[in-house]
$ cat model11.cif   # mmCIF, C-alpha atoms
data_work
#
loop_
_atom_site.label_atom_id
_atom_site.label_comp_id
_atom_site.auth_asym_id
_atom_site.auth_seq_id
_atom_site.Cartn_x
_atom_site.Cartn_y
_atom_site.Cartn_z
CA MET A 1255 -6.63 -15.76 23.22
CA ILE A 1256 -3.82 -13.19 23.21
CA GLN A 1257 -4.23 -10.69 26.08
CA THR A 1258 -2.47 -7.33 26.16
CA ASP A 1259 -2.93 -3.75 27.34
CA ILE A 1260 -2.83 -1.95 24.01
CA LEU A 1261 -3.63 -3.84 20.85
CA ILE A 1262 -2.01 -2.00 17.95
CA ILE A 1263 -3.35 -2.52 14.45
CA GLY A 1264 -0.53 -1.82 12.03
CA ALA A 1265 3.19 -2.42 12.59
CA GLY A 1266 4.46 0.60 10.67
CA PRO A 1267 6.72 3.21 12.28
CA CYS A 1268 3.89 4.79 14.25
CA GLY A 1269 2.57 1.48 15.59
CA LEU A 1270 6.08 0.38 16.53
CA PHE A 1271 6.91 3.59 18.38
CA THR A 1272 3.66 3.26 20.34
CA VAL A 1273 5.18 0.18 21.98
CA PHE A 1274 8.03 2.31 23.32
CA GLU A 1275 5.87 5.08 24.75
CA ALA A 1276 3.43 2.54 26.21
CA GLY A 1277 6.31 0.57 27.68
CA LEU A 1278 7.53 3.62 29.58
CA LEU A 1279 4.12 3.60 31.27
CA LYS A 1280 4.40 -0.16 31.94
CA LEU A 1281 1.73 -0.95 29.40
CA ARG A 1282 2.23 -4.01 27.24
CA CYS A 1283 1.49 -4.05 23.52
CA HIS A 1284 0.70 -6.52 20.80
CA LEU A 1285 0.80 -5.62 17.10
CA ILE A 1286 -1.24 -7.05 14.22
CA ASP A 1287 -0.26 -6.48 10.60
CA SER A 1288 -1.49 -7.93 7.34
CA LEU A 1289 2.05 -7.89 5.97
CA PRO A 1290 4.43 -10.70 6.92
CA GLN A 1291 7.07 -8.29 8.30
CA PRO A 1292 7.00 -5.16 10.49
CA GLY A 1293 7.65 -1.69 9.04
CA GLY A 1294 4.49 -1.04 7.03
CA GLN A 1295 5.03 1.11 3.94
CA CYS A 1296 8.65 1.66 5.01
CA SER A 1297 9.47 -1.99 4.51
CA GLU A 1298 6.89 -2.87 1.85
CA ILE A 1299 7.08 0.08 -0.55
CA TYR A 1300 10.32 1.97 -0.06
CA PRO A 1301 12.86 0.22 2.23
CA LYS A 1302 15.82 1.59 0.26
CA LYS A 1303 14.59 5.18 0.09
CA PRO A 1304 16.14 7.78 2.40
CA ILE A 1305 13.96 9.79 4.79
CA PHE A 1306 15.25 13.24 5.72
CA ASP A 1307 12.77 14.52 8.30
CA ILE A 1308 13.27 12.20 11.25
CA PRO A 1309 14.65 14.41 14.04
CA ALA A 1310 18.37 13.86 14.67
CA TYR A 1311 18.75 11.67 11.58
CA PRO A 1312 19.89 13.89 8.70
CA GLU A 1313 19.20 10.88 6.51
CA ILE A 1314 17.96 7.37 7.26
CA LEU A 1315 16.77 4.60 4.95
CA ALA A 1316 13.16 3.58 5.55
CA GLY A 1317 14.28 -0.02 6.13
CA ASP A 1318 16.87 1.13 8.67
CA LEU A 1319 14.26 3.24 10.46
CA THR A 1320 12.20 0.08 10.88
CA ASP A 1321 15.22 -1.83 12.22
CA LYS A 1322 16.05 0.98 14.66
CA LEU A 1323 12.47 1.12 15.93
CA MET A 1324 12.44 -2.65 16.43
CA GLU A 1325 15.65 -2.30 18.43
CA GLN A 1326 14.24 0.59 20.44
CA ILE A 1327 11.07 -1.30 21.43
CA SER A 1328 12.70 -4.68 22.07
CA PRO A 1329 13.01 -4.11 25.89
CA PHE A 1330 9.22 -3.94 25.99
CA LYS A 1331 8.83 -7.35 24.35
CA PRO A 1332 5.90 -6.64 22.07
CA GLY A 1333 3.89 -9.51 20.63
CA PHE A 1334 3.22 -9.77 16.90
CA THR A 1335 0.49 -11.32 14.81
CA LEU A 1336 1.88 -10.89 11.30
CA GLY A 1337 0.40 -11.83 7.95
CA GLU A 1338 -3.12 -11.56 9.36
CA ARG A 1339 -5.70 -8.85 8.83
CA ALA A 1340 -7.67 -7.37 11.71
CA GLU A 1341 -11.22 -8.28 10.77
CA PHE A 1342 -13.82 -7.97 13.58
CA ILE A 1343 -13.99 -6.05 16.84
CA GLU A 1344 -16.49 -6.81 19.56
CA LYS A 1345 -16.77 -6.03 23.29
CA ASP A 1346 -16.98 -8.58 26.10
CA GLU A 1347 -18.79 -8.25 29.42
CA GLU A 1348 -15.67 -6.82 31.09
CA ASP A 1349 -15.55 -3.88 28.68
CA GLN A 1350 -12.57 -5.35 26.83
CA PHE A 1351 -12.27 -5.48 23.08
CA ILE A 1352 -12.01 -8.83 21.35
CA LEU A 1353 -10.36 -8.56 17.96
CA THR A 1354 -10.43 -11.46 15.53
CA THR A 1355 -8.20 -11.66 12.44
CA ASN A 1356 -9.10 -13.08 9.05
CA LYS A 1357 -7.35 -16.29 10.15
CA GLY A 1358 -9.38 -16.53 13.33
CA THR A 1359 -6.68 -15.47 15.82
CA LYS A 1360 -8.34 -13.77 18.80
CA HIS A 1361 -6.85 -10.88 20.79
CA ARG A 1362 -8.21 -9.20 23.91
CA ALA A 1363 -7.33 -5.73 25.21
CA PRO A 1364 -8.93 -2.77 27.01
CA VAL A 1365 -7.51 -0.37 24.41
CA ILE A 1366 -7.10 -0.56 20.65
CA ALA A 1367 -4.77 1.75 18.74
CA ILE A 1368 -5.35 1.81 15.00
CA ALA A 1369 -2.06 2.75 13.35
CA ALA A 1370 -2.96 1.25 10.02
CA GLY A 1371 -1.52 3.90 7.69
CA LEU A 1372 -3.45 3.66 4.45
CA GLY A 1373 -5.08 0.39 5.41
CA CYS A 1374 -3.99 -3.15 4.65
CA PHE A 1375 -1.98 -4.12 1.65
CA GLU A 1376 -3.92 -6.28 -0.76
CA PRO A 1377 -3.10 -7.59 -4.22
CA ARG A 1378 -4.00 -5.24 -7.06
CA LYS A 1379 -6.83 -6.77 -9.03
CA PRO A 1380 -6.97 -6.13 -12.78
CA PRO A 1381 -10.17 -4.48 -14.03
CA VAL A 1382 -11.42 -7.57 -15.86
CA GLU A 1383 -15.13 -8.28 -16.12
CA ASN A 1384 -16.48 -11.13 -13.95
CA LEU A 1385 -13.05 -11.59 -12.37
CA SER A 1386 -14.50 -12.11 -8.89
CA ASN A 1387 -16.56 -15.07 -10.16
CA TYR A 1388 -13.35 -16.94 -10.85
CA GLU A 1389 -11.48 -16.06 -7.65
CA ASP A 1390 -10.53 -19.39 -6.06
CA HIS A 1391 -11.92 -21.07 -9.19
CA GLY A 1392 -8.80 -20.61 -11.26
CA VAL A 1393 -7.82 -17.02 -10.45
CA GLU A 1394 -5.34 -16.51 -7.61
CA TYR A 1395 -3.46 -13.33 -6.71
CA ILE A 1396 -0.80 -15.04 -4.61
CA ILE A 1397 0.96 -18.34 -5.18
CA LYS A 1398 0.90 -20.06 -1.83
CA ASP A 1399 1.79 -23.62 -2.79
CA PRO A 1400 3.35 -24.24 -6.21
CA GLU A 1401 2.27 -27.91 -6.04
CA PHE A 1402 -1.27 -26.61 -6.56
CA TYR A 1403 -0.25 -25.93 -10.17
CA ARG A 1404 1.30 -29.34 -10.92
CA GLY A 1405 0.26 -30.57 -14.36
CA LYS A 1406 -1.88 -27.46 -14.97
CA LYS A 1407 -1.93 -24.81 -17.67
CA VAL A 1408 -0.97 -21.58 -15.92
CA VAL A 1409 -1.03 -18.00 -17.19
CA ILE A 1410 0.93 -15.46 -15.15
CA SER A 1411 0.61 -11.68 -15.65
CA GLY A 1412 3.07 -9.04 -14.54
CA GLY A 1413 6.59 -7.78 -15.13
CA GLY A 1414 8.17 -7.78 -11.69
CA ASP A 1415 10.24 -10.26 -9.76
CA SER A 1416 7.36 -12.35 -8.46
CA ALA A 1417 5.94 -12.84 -11.98
CA LEU A 1418 9.38 -13.74 -13.34
CA ASP A 1419 10.40 -15.99 -10.45
CA TRP A 1420 7.16 -17.97 -10.43
CA THR A 1421 7.31 -18.36 -14.21
CA VAL A 1422 10.78 -19.87 -13.90
CA PHE A 1423 9.78 -22.07 -10.96
CA LEU A 1424 6.54 -23.42 -12.46
CA ALA A 1425 8.20 -24.02 -15.85
CA ASP A 1426 10.71 -26.36 -14.21
CA GLY A 1427 8.63 -29.52 -14.41
CA VAL A 1428 5.77 -28.32 -12.22
CA ALA A 1429 3.07 -26.90 -14.48
CA GLU A 1430 2.16 -28.52 -17.79
CA GLU A 1431 2.29 -25.20 -19.59
CA VAL A 1432 3.33 -21.71 -18.45
CA THR A 1433 2.46 -18.49 -20.24
CA LEU A 1434 3.82 -15.13 -19.09
CA VAL A 1435 1.81 -12.10 -20.24
CA HIS A 1436 3.30 -8.63 -19.92
CA ARG A 1437 2.21 -5.21 -21.19
CA ARG A 1438 5.60 -4.37 -22.73
CA SER A 1439 8.73 -6.22 -23.86
CA GLY A 1440 10.94 -4.89 -21.04
CA PHE A 1441 10.82 -6.35 -17.53
CA ARG A 1442 11.59 -4.60 -14.28
CA GLY A 1443 12.68 -7.68 -12.37
CA HIS A 1444 16.20 -8.70 -11.43
CA PRO A 1445 18.37 -9.01 -14.60
CA ASP A 1446 19.20 -12.66 -13.78
CA SER A 1447 15.51 -13.54 -13.61
CA VAL A 1448 14.79 -11.67 -16.84
CA GLN A 1449 17.57 -13.61 -18.58
CA LYS A 1450 16.21 -16.94 -17.30
CA VAL A 1451 12.75 -16.12 -18.63
CA MET A 1452 14.18 -15.08 -22.00
CA ASP A 1453 16.18 -18.33 -22.17
CA LEU A 1454 13.11 -20.42 -21.33
CA ALA A 1455 11.11 -18.63 -24.02
CA GLU A 1456 13.91 -19.16 -26.52
CA ALA A 1457 13.98 -22.88 -25.71
CA GLY A 1458 10.22 -23.14 -26.12
CA LYS A 1459 9.71 -24.07 -22.45
CA ILE A 1460 7.33 -21.17 -21.78
CA ASN A 1461 5.06 -18.99 -23.86
CA LEU A 1462 6.18 -15.40 -23.54
CA VAL A 1463 3.38 -13.07 -24.60
CA VAL A 1464 4.53 -9.44 -24.53
CA ASN A 1465 2.90 -6.14 -25.45
CA CYS A 1466 -0.29 -7.79 -24.31
CA GLU A 1467 -2.67 -7.76 -21.40
CA VAL A 1468 -5.33 -10.16 -20.22
CA VAL A 1469 -8.71 -8.55 -20.91
CA GLY A 1470 -11.14 -11.40 -20.26
CA VAL A 1471 -11.69 -14.61 -18.34
CA ASP A 1472 -13.98 -17.41 -19.48
CA GLY A 1473 -15.10 -20.80 -18.23
CA ASP A 1474 -18.09 -22.69 -16.93
CA GLY A 1475 -17.91 -22.41 -13.15
CA LYS A 1476 -14.13 -22.52 -13.23
CA LEU A 1477 -11.50 -20.86 -15.38
CA GLU A 1478 -10.96 -22.49 -18.77
CA SER A 1479 -9.34 -19.72 -20.81
CA VAL A 1480 -8.19 -16.12 -20.75
CA ARG A 1481 -8.50 -13.56 -23.51
CA VAL A 1482 -5.32 -11.67 -24.26
CA LYS A 1483 -5.24 -8.42 -26.19
CA HIS A 1484 -2.16 -7.41 -28.14
CA LYS A 1485 -1.47 -3.71 -28.61
CA ALA A 1486 -1.63 -4.05 -32.41
CA ASP A 1487 -2.78 -7.55 -33.32
CA GLY A 1488 -6.07 -7.76 -31.42
CA GLU A 1489 -7.33 -10.53 -29.15
CA LYS A 1490 -6.53 -14.20 -28.86
CA VAL A 1491 -7.64 -16.94 -26.49
CA ILE A 1492 -5.23 -18.92 -24.33
CA LYS A 1493 -6.40 -22.10 -22.59
CA ALA A 1494 -5.74 -21.83 -18.88
CA ASP A 1495 -6.60 -23.75 -15.73
CA HIS A 1496 -5.19 -20.89 -13.70
CA TRP A 1497 -4.53 -17.20 -14.14
CA VAL A 1498 -2.25 -15.55 -11.59
CA PRO A 1499 -2.18 -11.74 -11.96
CA LEU A 1500 0.87 -10.44 -10.05
CA PHE A 1501 0.59 -6.65 -10.02
CA GLY A 1502 1.94 -5.91 -6.56
CA LEU A 1503 0.08 -4.74 -3.50
CA SER A 1504 -1.88 -1.59 -2.78
CA PRO A 1505 -3.38 -0.42 0.50
CA LYS A 1506 -7.12 -0.57 1.09
CA LEU A 1507 -9.00 0.62 4.18
CA GLY A 1508 -10.63 -2.81 4.37
CA PRO A 1509 -12.63 -4.04 7.37
CA ILE A 1510 -11.84 -0.89 9.42
CA ALA A 1511 -14.56 0.83 7.43
CA ASP A 1512 -17.13 -1.44 9.13
CA TRP A 1513 -16.18 -0.76 12.75
CA ASN A 1514 -18.69 2.06 13.28
CA LEU A 1515 -15.94 4.67 13.40
CA ASN A 1516 -16.50 8.13 12.00
CA ILE A 1517 -14.59 8.26 8.74
CA SER A 1518 -13.84 11.18 6.42
CA LYS A 1519 -12.15 10.57 3.09
CA ASN A 1520 -10.77 7.15 4.03
CA SER A 1521 -9.34 8.50 7.31
CA ILE A 1522 -10.64 8.07 10.86
CA ASP A 1523 -11.84 11.19 12.68
CA VAL A 1524 -10.15 11.71 16.04
CA ASP A 1525 -10.17 14.24 18.87
CA THR A 1526 -6.74 15.86 19.09
CA ILE A 1527 -6.90 15.87 22.90
CA ASP A 1528 -5.87 12.22 22.87
CA TYR A 1529 -6.46 10.90 19.31
CA GLN A 1530 -9.47 8.90 20.43
CA THR A 1531 -12.11 7.97 17.87
CA ASN A 1532 -15.86 8.25 18.40
CA VAL A 1533 -15.68 4.79 20.05
CA PRO A 1534 -14.23 5.18 23.57
CA GLY A 1535 -11.13 3.02 23.96
CA ILE A 1536 -10.37 2.93 20.25
CA TYR A 1537 -7.67 5.40 19.21
CA ALA A 1538 -6.34 6.16 15.73
CA ILE A 1539 -2.83 7.51 15.16
CA GLY A 1540 -0.55 8.20 12.22
CA ASP A 1541 -1.56 8.37 8.57
CA ILE A 1542 -4.92 6.66 9.18
CA ASN A 1543 -6.41 9.50 11.24
CA THR A 1544 -7.59 12.96 10.34
CA TYR A 1545 -8.26 16.18 12.22
CA PRO A 1546 -8.03 19.88 11.39
CA GLY A 1547 -4.43 20.63 10.47
CA LYS A 1548 -3.46 16.96 10.04
CA LEU A 1549 -0.13 16.28 8.33
CA LYS A 1550 0.69 12.75 7.22
CA LEU A 1551 4.25 12.59 8.50
CA ILE A 1552 6.00 9.85 10.47
CA LEU A 1553 7.15 12.62 12.80
CA CYS A 1554 3.56 13.62 13.60
CA GLY A 1555 2.55 9.99 14.09
CA PHE A 1556 5.22 9.63 16.81
CA HIS A 1557 3.78 12.65 18.62
CA GLU A 1558 0.25 11.31 18.35
CA ALA A 1559 1.36 7.92 19.71
CA THR A 1560 3.00 9.61 22.71
CA LEU A 1561 -0.11 11.57 23.70
CA MET A 1562 -2.39 8.64 22.95
CA VAL A 1563 -0.74 6.24 25.44
CA GLN A 1564 -1.20 8.78 28.25
CA SER A 1565 -4.95 8.70 27.63
CA ALA A 1566 -4.89 4.91 27.26
CA PHE A 1567 -3.20 4.64 30.66
CA LYS A 1568 -5.94 6.68 32.32
CA ARG A 1569 -8.56 4.53 30.66
CA ILE A 1570 -6.92 1.31 31.87
CA TYR A 1571 -6.02 2.65 35.37
CA PRO A 1572 -8.57 5.38 36.12
CA ASP A 1573 -7.48 5.59 39.78
CA LYS A 1574 -3.73 5.81 39.23
CA ASN A 1575 -1.90 9.08 38.88
CA LEU A 1576 0.48 9.40 36.00
CA VAL A 1577 3.67 11.45 36.16
CA LEU A 1578 5.72 12.14 33.07
CA LYS A 1579 9.08 10.46 33.52
CA TYR A 1580 12.13 11.37 31.51
CA THR A 1581 14.14 8.50 30.04
CA THR A 1582 17.31 10.50 30.76
CA VAL A 1583 16.55 10.31 34.48
CA ASN A 1584 15.09 6.83 34.74
CA GLY A 1585 16.55 4.97 31.79
CA VAL A 1586 14.47 2.42 29.95
CA ASN A 1587 13.22 -0.32 32.21
CA GLY A 1588 11.99 -3.09 30.00
CA PHE A 1589 9.78 -6.04 30.82
CA GLU A 1590 11.14 -9.30 32.18
CA MET B 1318 -5.98 33.91 -14.86
CA SER B 1319 -2.99 34.87 -12.77
CA ASN B 1320 -0.42 37.44 -13.89
CA ASP B 1321 2.22 35.87 -11.67
CA PRO B 1322 4.98 34.54 -13.98
CA ASN B 1323 5.45 31.61 -11.59
CA ILE B 1324 1.86 30.41 -11.95
CA ILE B 1325 0.82 28.11 -14.77
CA THR B 1326 -2.57 26.75 -15.73
CA ILE B 1327 -3.26 23.02 -15.82
CA ILE B 1328 -6.42 21.30 -17.02
CA VAL B 1329 -7.45 18.11 -15.23
CA ILE B 1330 -10.37 15.95 -16.39
CA ASP B 1331 -11.54 13.86 -13.46
CA ARG B 1332 -12.89 10.32 -13.61
CA GLU B 1333 -16.44 11.59 -14.04
CA GLY B 1334 -15.36 13.63 -17.06
CA GLU B 1335 -15.56 16.97 -15.27
CA ARG B 1336 -13.01 19.58 -16.33
CA HIS B 1337 -11.00 21.43 -13.67
CA GLU B 1338 -8.78 24.41 -14.36
CA LEU B 1339 -5.99 24.51 -11.79
CA GLU B 1340 -3.36 27.11 -11.12
CA GLY B 1341 0.00 25.68 -10.16
CA PRO B 1342 3.21 27.33 -8.97
CA THR B 1343 6.43 26.59 -10.84
CA ASP B 1344 8.64 27.73 -7.98
CA MET B 1345 7.46 25.32 -5.27
CA ASN B 1346 9.09 22.11 -6.57
CA MET B 1347 5.61 20.68 -7.12
CA ASN B 1348 4.42 17.91 -9.39
CA MET B 1349 1.08 17.04 -10.95
CA MET B 1350 0.18 14.52 -8.22
CA GLU B 1351 0.70 17.14 -5.54
CA LEU B 1352 -1.17 19.80 -7.49
CA CYS B 1353 -4.19 17.51 -7.86
CA LYS B 1354 -4.10 16.69 -4.14
CA SER B 1355 -3.88 20.37 -3.24
CA TYR B 1356 -7.15 20.88 -5.14
CA ASP B 1357 -8.71 17.85 -3.40
CA LEU B 1358 -8.96 15.94 -6.65
CA PRO B 1359 -9.12 12.16 -6.08
CA VAL B 1360 -5.44 11.34 -6.56
CA GLU B 1361 -4.09 9.14 -3.77
CA GLY B 1362 -0.32 9.61 -4.09
CA THR B 1363 0.20 6.66 -1.75
CA CYS B 1364 3.99 6.60 -1.92
CA GLY B 1365 4.29 10.36 -1.65
CA GLY B 1366 5.77 10.88 -5.10
CA MET B 1367 8.57 8.36 -5.45
CA ALA B 1368 7.13 6.59 -8.51
CA MET B 1369 6.56 3.59 -6.28
CA CYS B 1370 2.81 3.06 -6.26
CA ALA B 1371 1.11 4.11 -9.54
CA SER B 1372 -1.82 5.68 -7.69
CA CYS B 1373 -1.35 8.98 -9.61
CA HIS B 1374 -1.68 7.38 -13.04
CA MET B 1375 -2.99 9.90 -15.59
CA TYR B 1376 -3.22 10.34 -19.35
CA VAL B 1377 -1.63 13.32 -21.08
CA LYS B 1378 -4.20 14.70 -23.53
CA SER B 1379 -2.39 17.80 -24.83
CA ASP B 1380 0.65 17.62 -27.09
CA HIS B 1381 3.17 19.04 -24.63
CA GLU B 1382 6.66 17.62 -24.93
CA LEU B 1383 7.38 15.96 -21.59
CA PRO B 1384 10.63 14.35 -20.46
CA ASP B 1385 10.63 10.61 -21.29
CA ARG B 1386 9.47 8.15 -18.67
CA SER B 1387 12.29 7.11 -16.37
CA ASP B 1388 12.95 3.41 -15.80
CA ASP B 1389 11.35 3.75 -12.36
CA GLU B 1390 8.22 5.25 -13.85
CA GLU B 1391 8.06 2.65 -16.63
CA ASP B 1392 8.51 -0.13 -14.07
CA MET B 1393 5.78 1.23 -11.86
CA LEU B 1394 3.33 1.55 -14.73
CA ASP B 1395 3.64 -2.26 -14.96
CA GLU B 1396 1.58 -2.41 -11.77
CA ALA B 1397 -1.07 -0.03 -13.09
CA PHE B 1398 -3.98 -1.00 -15.28
CA ASN B 1399 -5.41 0.61 -18.42
CA VAL B 1400 -1.94 1.79 -19.36
CA GLU B 1401 -1.87 3.65 -22.68
CA ASP B 1402 0.89 5.23 -24.75
CA ASN B 1403 0.08 8.59 -23.13
CA SER B 1404 0.08 7.20 -19.58
CA ARG B 1405 2.24 8.99 -17.00
CA LEU B 1406 2.60 9.04 -13.26
CA GLY B 1407 1.54 12.49 -12.12
CA CYS B 1408 4.29 12.59 -9.50
CA GLN B 1409 6.87 12.47 -12.28
CA ILE B 1410 5.53 15.54 -14.11
CA GLN B 1411 7.09 18.61 -12.56
CA LEU B 1412 5.28 21.94 -12.79
CA ARG B 1413 7.47 24.05 -15.08
CA ASN B 1414 6.70 26.86 -17.49
CA GLU B 1415 7.03 24.36 -20.36
CA VAL B 1416 3.92 22.51 -19.18
CA ASP B 1417 1.70 25.61 -18.99
CA GLY B 1418 -1.69 24.63 -20.43
CA LEU B 1419 -1.09 20.89 -19.96
CA GLU B 1420 -4.26 18.82 -20.11
CA VAL B 1421 -4.47 15.46 -18.35
CA LYS B 1422 -7.18 12.94 -17.57
CA LEU B 1423 -7.13 10.89 -14.39
CA ALA B 1424 -6.85 7.15 -15.08
CA PRO B 1425 -9.38 4.77 -13.52
CA VAL B 1426 -8.49 3.59 -10.02
CA GLY B 1427 -6.84 0.17 -10.32
#
$ encode --input "model11.cif" --output "structure tokens"
Amino acid sequence: MIQTDILIIGAGPCGLFTVFEAGLLKLRCHLIDSLPQPGGQCSEIYPKKPIFDIPAYPEILAGDLTDKLMEQISPFKPGFTLGERAEFIEKDEEDQFILTTNKGTKHRAPVIAIAAGLGCFEPRKPPVENLSNYEDHGVEYIIKDPEFYRGKKVVISGGGDSALDWTVFLADGVAEEVTLVHRRSGFRGHPDSVQKVMDLAEAGKINLVVNCEVVGVDGDGKLESVRVKHKADGEKVIKADHWVPLFGLSPKLGPIADWNLNISKNSIDVDTIDYQTNVPGIYAIGDINTYPGKLKLILCGFHEATLMVQSAFKRIYPDKNLVLKYTTVNGVNGFE
Amino acid sequence: MSNDPNIITIIVIDREGERHELEGPTDMNMNMMELCKSYDLPVEGTCGGMAMCASCHMYVKSDHELPDRSDDEEDMLDEAFNVEDNSRLGCQIQLRNEVDGLEVKLAPVG
């Protein structure tokens, strides 16, 4: 069991900065994120894009903002549970929250701060009928272990780097047969990877099926074939033991919706006094929350985090007085 | 209908088939994703308008001449579903006088 003072769900900029403000109050933090790296959208969607409205930074790349935040919070030695999704919350007899992830990791804290942005990133699922019936029975959205595909007929969909890279990898003596299906003839992946795929297709080592999309899945209990529709030529059937649609990730609110929090339009209602939700001890900050006048800006998330930890402190130490200390006077005194 | 020369009219058909007539300013550096959001139409705009998420996928129904899709937009449409020849990302359609009367339909949520 991981014990901390403030358990932060979401390691985006707002969640990361919470560690700093909490640290100034001697509160320890642990972050959970479904992505394998910290930074949230900043690292997952637009690491190379400049941001222009971070105070004192006329321009900073989203990836650099993440790095700077990680540097800023390092004295406070936050813990991380990455690549796991916060799944269940319950209370124990000591009024502490127990949070369990989808992989079963348990965390315990008197305060939870939800800084989950738009929710957790999950693979985009194509709108194909009966698709869910074949999930884990031939349809996978992530390739975890390529050995799983040894000697199998594999169809991959998508036009980005992961589709191209896995096509190249599985075609190199792993899968029996690899088919890459893409909606157009151009690919957005790295030019080297595109060239490799073109060469493999030329040499007859893969089936390259372009201007097509998979529109159906068939099989008795497990996947046996996919139906592919060409823009002009109609449908054809391709035998497949596996179909791996690789269409990137998109954020979904996910399990948070089931935590008995008041939610309006996919955002969590909070009181702007301290950004607490309707469940005492659970706060929501950053893009995930809503209140009259809400603006979804990193800047505003930092402010919300700062006010939130003050309230969290009073909840954890109801008898202690809290005085605002300036970092300029006291410096940053990290944890041993 | 507004008499303001900087206001254009845009027609949006939502996913239930309902028709909305929106007025959009041409002098606010706005795009179709933002206009839809400002009218509380169900367009997510996850990435904020950088052509990096495809959550503002829409179909252009009128015959307005729009600038060609950029490589970024084309690449991002690869991660959308139900992509048609008239598919665009709303965030890449700027509100300009040339698009006055534009009619779009919101694509299904992928």
$ resolve_selection --input "model11.cif" --expression "the PyMOL selection byres ((chain B and resi 1367) around 9)" --output "MDAnalysis selection string"
(chainID A and resid 1300 1303) or (chainID B and resid 1364:1366 1368:1370 1389:1390 1408:1409)
$ residues_around --input "model11.cif" --residues "stretch 1499-1514 of chain A" --least-positions-apart "4" --cutoff "8 Å" --atoms "only C-alpha atoms" --output "VMD selection string"
(chain A and resid 1340 to 1343 1372 to 1380 1393 to 1396 1410 to 1414 1416 to 1417 1520 1533) or (chain B and resid 1370 1395 to 1397)
$ residues_around --input "model11.cif" --residues "stretch 1373-1375 of chain B" --least-positions-apart "3" --cutoff "6 Å" --atoms "all atoms listed in the file" --output "ChimeraX atom specification"
/B:1350,1360,1362,1404-1407,1422-1424
$ atom_distance --input "model11.cif" --atom1 "atom CA of B:Phe1398" --atom2 "atom CA of A:Leu1385"
14.2 Å
$ residues_around --input "model11.cif" --residues "stretch 1567-1582 of chain A" --least-positions-apart "5" --cutoff "8 Å" --atoms "only C-alpha atoms" --output "count of residues only"
6
$ closest_residue --input "model11.cif" --among "A:Ile1299, A:Val1464, A:Ile1517, A:Ile1527" --to "chain B" --atoms "only C-alpha atoms"
A:Ile1299
$ residues_near_point --input "model11.cif" --point "(7.7, -3.3, 15.2)" --cutoff "7 Å" --atoms "only C-alpha atoms" --output "list in words"
Ala1265, Gly1266, Leu1270, Pro1292, Gly1293, Leu1323 and Met1324 of chain A
$ atom_distance --input "model11.cif" --atom1 "atom CA of B:Ile1410" --atom2 "atom CA of A:Phe1441"
22.8 Å
$ atom_distance --input "model11.cif" --atom1 "atom CA of A:Ala1369" --atom2 "atom CA of A:Pro1309"
20.4 Å
$ resolve_selection --input "model11.cif" --expression "the PyMOL selection byres ((chain A and resi 1261) around 8)" --output "compact mmCIF listing (two decimals) with C-alpha atoms, in the coordinates of the input"
# COMPACT_ATOMS: atom_id res chain seq x y z
CA THR A 1258 -2.47 -7.33 26.16
CA ASP A 1259 -2.93 -3.75 27.34
CA ILE A 1260 -2.83 -1.95 24.01
CA ILE A 1262 -2.01 -2.00 17.95
CA ILE A 1263 -3.35 -2.52 14.45
CA CYS A 1283 1.49 -4.05 23.52
CA HIS A 1284 0.70 -6.52 20.80
CA LEU A 1285 0.80 -5.62 17.10
CA ILE A 1286 -1.24 -7.05 14.22
CA HIS A 1361 -6.85 -10.88 20.79
CA ARG A 1362 -8.21 -9.20 23.91
CA ALA A 1363 -7.33 -5.73 25.21
CA VAL A 1365 -7.51 -0.37 24.41
CA ILE A 1366 -7.10 -0.56 20.65
CA ALA A 1367 -4.77 1.75 18.74
$ closest_residue --input "model11.cif" --among "B:Thr1343, B:Ser1387, B:Asn1348, B:Asn1323" --to "chain A" --atoms "only C-alpha atoms"
B:Ser1387
$ resolve_selection --input "model11.cif" --expression "the PyMOL selection byres ((chain B and resi 1340) around 10)" --output "PyMOL selection string"
chain B and resi 1318-1319+1323-1328+1337-1339+1341-1343+1352+1356+1417-1418
$ residues_around --input "model11.cif" --residues "A:Arg1339" --least-positions-apart "4" --cutoff "7 Å" --atoms "all atoms listed in the file" --output "ChimeraX atom specification"
/A:1287-1288,1355-1356
$ closest_residue --input "model11.cif" --among "B:Asp1344, B:Glu1401, B:Glu1333, B:Glu1351" --to "B:Lys1378" --atoms "only C-alpha atoms"
B:Glu1401
